[in-house]
file model-v2.txt (compact mmCIF, C-alpha atoms)
# COMPACT_ATOMS: atom_id res chain seq x y z
CA MET A 291 11.91 7.79 -12.00
CA VAL A 292 9.87 5.12 -10.24
CA LYS A 293 7.47 3.14 -12.39
CA LYS A 294 3.98 2.50 -11.15
CA ALA A 295 3.26 -1.12 -10.45
CA GLU A 296 0.96 -2.70 -13.01
CA PRO A 297 -2.36 -3.72 -11.45
CA LYS A 298 -2.41 -7.46 -11.03
CA MET A 299 -5.03 -9.46 -12.80
CA PRO A 300 -7.18 -11.57 -10.48
CA SER A 301 -6.12 -15.18 -10.14
CA GLU A 302 -8.25 -18.00 -11.50
CA ARG A 303 -9.26 -18.88 -7.94
CA GLN A 304 -10.31 -15.28 -7.24
CA LEU A 305 -12.44 -15.32 -10.38
CA ARG A 306 -14.07 -18.64 -9.43
CA VAL A 307 -14.82 -17.45 -5.88
CA SER A 308 -16.16 -14.11 -7.20
CA THR A 309 -18.52 -15.92 -9.56
CA GLU A 310 -19.70 -18.26 -6.83
CA ILE A 311 -20.33 -15.36 -4.44
CA ARG A 312 -22.31 -13.53 -7.14
CA HIS A 313 -24.51 -16.59 -7.73
CA VAL A 314 -25.05 -17.23 -4.01
CA LEU A 315 -25.94 -13.62 -3.22
CA SER A 316 -28.19 -13.25 -6.26
CA SER A 317 -30.10 -16.33 -5.18
CA ALA A 318 -30.20 -15.14 -1.57
CA LEU A 319 -31.63 -11.76 -2.58
CA LEU A 320 -34.52 -13.51 -4.31
CA THR A 321 -35.34 -15.80 -1.39
CA MET A 322 -34.36 -13.76 1.69
CA GLU A 323 -36.87 -11.87 3.70
CA LEU A 324 -35.26 -8.55 4.55
CA TYR A 325 -37.44 -6.08 6.32
CA ASP A 326 -35.91 -2.81 5.27
CA ASP A 327 -37.87 0.08 3.79
CA ASP A 328 -34.89 1.13 1.67
CA LEU A 329 -34.42 -2.28 0.11
CA THR A 330 -36.51 -4.24 -2.33
CA PRO A 331 -34.36 -7.34 -2.89
CA SER A 332 -35.96 -8.22 -6.22
CA MET A 333 -34.88 -4.82 -7.54
CA VAL A 334 -31.15 -5.40 -6.89
CA MET A 335 -28.87 -6.65 -9.66
CA ILE A 336 -25.38 -7.82 -8.72
CA THR A 337 -23.21 -6.80 -11.64
CA ASP A 338 -19.76 -7.80 -10.40
CA VAL A 339 -17.88 -9.18 -7.42
CA LYS A 340 -14.21 -8.51 -6.79
CA VAL A 341 -12.40 -10.55 -4.16
CA SER A 342 -9.17 -9.32 -2.61
CA PRO A 343 -6.04 -11.46 -3.22
CA ASP A 344 -6.07 -12.69 0.39
CA PHE A 345 -9.85 -13.40 0.23
CA SER A 346 -10.52 -11.21 3.28
CA TRP A 347 -12.76 -8.76 1.36
CA ALA A 348 -15.37 -9.06 -1.33
CA THR A 349 -16.63 -5.90 -2.98
CA ILE A 350 -20.04 -6.46 -4.51
CA TYR A 351 -21.09 -4.03 -7.23
CA VAL A 352 -24.84 -3.55 -7.54
CA HIS A 353 -27.27 -1.74 -9.78
CA SER A 354 -30.92 -0.96 -9.17
CA ILE A 355 -33.58 -2.34 -11.46
CA GLY A 356 -36.33 0.22 -11.36
CA GLN A 357 -36.72 3.63 -9.86
CA THR A 358 -35.38 3.06 -6.34
CA ASP A 359 -32.81 5.44 -4.86
CA GLU A 360 -29.58 3.57 -5.50
CA ASN A 361 -27.65 5.25 -2.68
CA LEU A 362 -30.29 4.21 -0.14
CA MET A 363 -30.26 0.71 -1.61
CA VAL A 364 -26.47 0.43 -1.17
CA GLU A 365 -26.71 1.74 2.41
CA ALA A 366 -29.42 -0.83 3.17
CA LEU A 367 -27.35 -3.67 1.69
CA ASN A 368 -24.36 -2.59 3.77
CA ARG A 369 -26.55 -2.56 6.90
CA HIS A 370 -27.31 -6.25 6.24
CA LYS A 371 -23.79 -7.26 5.20
CA GLY A 372 -23.44 -9.55 8.23
CA ALA A 373 -26.37 -11.65 7.03
CA PHE A 374 -24.90 -11.83 3.53
CA ARG A 375 -21.50 -12.82 4.92
CA LYS A 376 -23.15 -15.63 6.90
CA ILE A 377 -24.89 -16.88 3.77
CA ILE A 378 -21.56 -16.93 1.92
CA GLY A 379 -19.90 -18.77 4.82
CA ASP A 380 -22.70 -21.34 5.04
CA THR A 381 -22.82 -21.96 1.28
CA ILE A 382 -19.26 -21.74 -0.04
CA ARG A 383 -16.43 -23.74 1.49
CA LEU A 384 -13.67 -21.23 2.10
CA ARG A 385 -10.98 -21.12 4.74
CA ILE A 386 -11.77 -17.44 5.29
CA THR A 387 -15.23 -16.02 4.70
CA PRO A 388 -14.67 -12.59 3.21
CA ASP A 389 -16.18 -9.47 4.71
CA VAL A 390 -18.51 -7.94 2.17
CA ARG A 391 -19.04 -4.37 1.14
CA PHE A 392 -21.54 -3.18 -1.39
CA ARG A 393 -20.76 -0.46 -3.92
CA LEU A 394 -22.83 1.17 -6.62
CA ASP A 395 -21.90 0.12 -10.15
CA ASN A 396 -21.67 3.30 -12.20
CA GLY A 397 -21.06 1.49 -15.49
CA PHE A 398 -24.65 1.83 -16.63
CA GLU A 399 -24.66 5.58 -16.04
CA GLU A 400 -21.36 5.94 -17.90
CA ALA A 401 -22.80 3.99 -20.83
CA ARG A 402 -25.82 6.33 -20.91
CA LYS A 403 -23.52 9.36 -20.99
CA ILE A 404 -21.51 7.92 -23.88
CA GLU A 405 -24.70 7.05 -25.76
CA ALA A 406 -25.94 10.62 -25.26
CA LEU A 407 -22.65 11.92 -26.68
CA PHE A 408 -23.07 9.80 -29.80
CA ASP A 409 -26.62 11.16 -30.20
CA ASN A 410 -25.31 14.73 -30.18
CA PRO A 411 -25.71 16.27 -33.69
CA ILE A 412 -22.21 17.82 -33.57
CA VAL A 413 -20.63 14.45 -32.80
CA LYS A 414 -22.73 12.74 -35.51
CA ALA A 415 -21.56 15.33 -38.05
CA ASP A 416 -17.95 14.84 -36.98
CA ILE A 417 -18.22 11.06 -37.34
CA ALA A 418 -19.85 11.46 -40.76
CA LYS A 419 -16.89 13.59 -41.93
CA LYS A 420 -14.41 10.85 -40.99
CA ASP A 421 -16.29 8.13 -42.88
call {"tool": "encode", "arguments": {"input": "model-v2.txt", "output": "structure tokens"}}
result
Amino acid sequence: MVKKAEPKMPSERQLRVSTEIRHVLSSALLTMELYDDDLTPSMVMITDVKVSPDFSWATIYVHSIGQTDENLMVEALNRHKGAFRKIIGDTIRLRITPDVRFRLDNGFEEARKIEALFDNPIVKADIAKKD
């Protein structure tokens, strides 16, 4: 039987670069002038950045603040990924500027689902029995 390889934890350098990219892009979203009907930059929250081990890719996880269509927002961000990559390259000194891809962060929706489960009267009664 072949064991699955354990997922590697990101290196300290990956974590530092991820944090720096998150700060740079958050700042850029506040100051950039993007003319896209599907994107209101001030309504975008960057929740996480994951950089590949070879620093060739950066996956940026975003969440919408407000009532915008999150899928359209992610599509719009991906349409402008070249501009974001240029900002990263101009701001952070890296040998390789990573290509960026934006993904929707579903963590907030998952948290809402879990919270709704805990509000369910059946679950509350079950928890009360165990206490």
call {"tool": "closest_residue", "arguments": {"input": "model-v2.txt", "among": "A:Arg385, A:His353, A:His313, A:Lys420", "to": "Phe398 (chain A)", "atoms": "all atoms listed in the file"}}
result
A:His353
call {"tool": "closest_residue", "arguments": {"input": "model-v2.txt", "among": "A:Gly356, A:Gly372, A:Pro388, A:Gly379", "to": "Gln304 (chain A)", "atoms": "all atoms listed in the file"}}
result
A:Pro388
call {"tool": "closest_residue", "arguments": {"input": "model-v2.txt", "among": "A:Ala418, A:Met363, A:Ile377, A:Ile412", "to": "Met335 (chain A)", "atoms": "only C-alpha atoms"}}
result
A:Met363
call {"tool": "closest_residue", "arguments": {"input": "model-v2.txt", "among": "A:Val314, A:Val334, A:Leu305, A:Met299", "to": "Asp380 (chain A)", "atoms": "all atoms listed in the file"}}
result
A:Val314
call {"tool": "closest_residue", "arguments": {"input": "model-v2.txt", "among": "A:Asp389, A:Glu310, A:Glu400, A:Asp409", "to": "His370 (chain A)", "atoms": "all atoms listed in the file"}}
result
A:Asp389
call {"tool": "closest_residue", "arguments": {"input": "model-v2.txt", "among": "A:Ile311, A:Ala373, A:Ile382, A:Ile417", "to": "Asp338 (chain A)", "atoms": "all atoms listed in the file"}}
result
A:Ile311
call {"tool": "residues_around", "arguments": {"input": "model-v2.txt", "residues": "Thr358 (chain A)", "least_positions_apart": "6", "cutoff": "10 Å", "atoms": "all atoms listed in the file", "output": "list in words"}}
result
Asp328, Leu329, Thr330, Met333 and Val334 of chain A
call {"tool": "atom_distance", "arguments": {"input": "model-v2.txt", "atom1": "CA of Lys340 (chain A)", "atom2": "CA of Arg369 (chain A)"}}
result
19.4 Å
call {"tool": "atom_distance", "arguments": {"input": "model-v2.txt", "atom1": "CA of Ile350 (chain A)", "atom2": "CA of Val390 (chain A)"}}
result
7.0 Å
call {"tool": "atom_distance", "arguments": {"input": "model-v2.txt", "atom1": "CA of Ser346 (chain A)", "atom2": "CA of Ser317 (chain A)"}}
result
21.9 Å
call {"tool": "residues_around", "arguments": {"input": "model-v2.txt", "residues": "Lys371 (chain A)", "least_positions_apart": "2", "cutoff": "12 Å", "atoms": "all atoms listed in the file", "output": "number ranges by chain"}}
result
A: 315, 319, 324, 347-350, 364-369, 373-378, 388-393
call {"tool": "residues_around", "arguments": {"input": "model-v2.txt", "residues": "Gly397 (chain A)", "least_positions_apart": "3", "cutoff": "10 Å", "atoms": "all atoms listed in the file", "output": "PyMOL selection string"}}
result
chain A and resi 337+351+353+394+400-403
